[in-house]
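For reference, the structure discussed in these notes is given below.
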Amino acid sequence: QAFGISLSPGGTSAFVSNACDTLFDIDVAVPASPTISSQQTGPYQSLTVSVSPDDQQVVLGGFDSGSTEAFSLTGNTLGAPIDLMSSYPSSALTYIGNETVALVSADGSKFSIIKVANPTSPTLVGQVVTGAPVSPGTAGVVFLAPSNLVYLKIQSFIAVVDVSTPTSPVVRGTLTLGSGGTASPSTHDGVAVSSDGTTLYVTNIGEVAVIGISQ
């Protein structure tokens, strides 16, 4: 069972996590004939996958009570997993720059930016309280580079975080969605933003919510 997926910056590789704690690097340069270039099995299941802009690292997070792992990437070969959960348990994460990761804490209360130049010794760059009223288990997060904004979803709670100054991230706005159905909210955490930053799309307990954004 596949969980998370992220494309490399060049679009030639897809990184896929699954229910067996394995991360696959899949060559999709020829979409009709994808092949597995390499794979690594880590200590946790993870729902969120993110690839660094320079295509040198991959991070996983967002399951198993806050799993967070990092992998080096050399060509099409994944390095062994490095466990970051003890320092920075996450419910969702994304790269916002080379060796720089933004993550939502496992309990949803904090948004942190960490430096993973040396994944065995990650360092905290900046942190802010999200204002989320619930503990997520899992969450959703996406980064829009041109505006330096991170959009995060924790069950029905949405926040927009400005990371223009990584040492001092700022929550610019929040929104709480109404219930969209009867499914478990902790399993519905999809979030995406249009390239022009004007529209946010989120899954919301059995439905998709489309939200207009004013900068």
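Please note that chains go A, B, ... in the order of the structure tokens, that every chain numbers its residues from 1, and that ligands are numbered from 1 in the order shown.
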**Prompt:** Per DSSP on the backbone, what are the strand (DSSP E or B) residues of stretch 47-183 of chain A, as a PyMOL selection string?
**Reply:** chain A and resi 48-51+57-61+68-74+77-78+82-83+90-97+100-105+110-115+123-129+140-144+149-154+157-162+170-176
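The protein and nucleic acid residues lying at most 6 Å from A:Thr198 are Asp196, Gly212 and Ile213 of chain A, with only C-alpha atoms considered and sequence neighbours fewer than 2 positions away removed.
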**Request:** Fewer than 5 positions away in the same chain doesn't count, so skip those; otherwise give me all residues within 10 Å of A:Val210, counting only C-alpha atoms, as a list in words.
**Result:**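 Surrounding residues, per the criterion: Ala192, Val193, Thr199, Leu200, Tyr201, Val202 and Thr203 of chain A.
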**Asked** Which residue out of A:Gly10, A:Gly140, A:Gly97, A:Pro89 has the minimum interatomic distance to A:Ser164 when only C-alpha atoms are used?
**Response**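 Of A:Gly10, A:Gly140, A:Gly97, A:Pro89, the one nearest A:Ser164 is A:Gly97, counting only C-alpha atoms.
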**Asked** What's the 12 Å shell around A:Ser147, counting only C-alpha atoms, without same-chain residues fewer than 6 positions away, as a PyMOL selection string?
**Response** chain A and resi 96+160-165+193-198+214-215
**Prompt:** In terms of the shortest atom-to-atom distance over only C-alpha atoms, which of A:Pro146, A:Gly108, A:Pro166, A:Pro119 is closest to A:Gly131?
**Reply:**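 The shortest atom-to-atom distance to A:Gly131 comes from A:Gly108.
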**Prompt:** Pick the closest to A:Ala102 from A:Ser67, A:Ser50, A:Gln155, A:Gln40: which is it, counting only C-alpha atoms?
**Reply:**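 Among the listed residues, A:Ser50 lies closest to A:Ala102.
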**Message:** Just the number, please: distance in Å from atom CA of A:Val142 to atom CA of A:Tyr44, one decimal.
**Reply:**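 Separation of atom CA of A:Val142 and atom CA of A:Tyr44: 21.7 Å.
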**Message:** Which residues are close to A:Gly66, i.e. within 9 Å by only C-alpha atoms, leaving aside same-chain residues fewer than 5 positions away? Reply as number ranges by chain.
**Reply:** A: 46, 61, 85, 88-92, 105-107, 137-138
**Asked** Which residues in stretch 47-201 of chain A does DSSP call helix (DSSP H, G or I)? List them as a ChimeraX atom specification.
**Response** /A:145-147,185-187
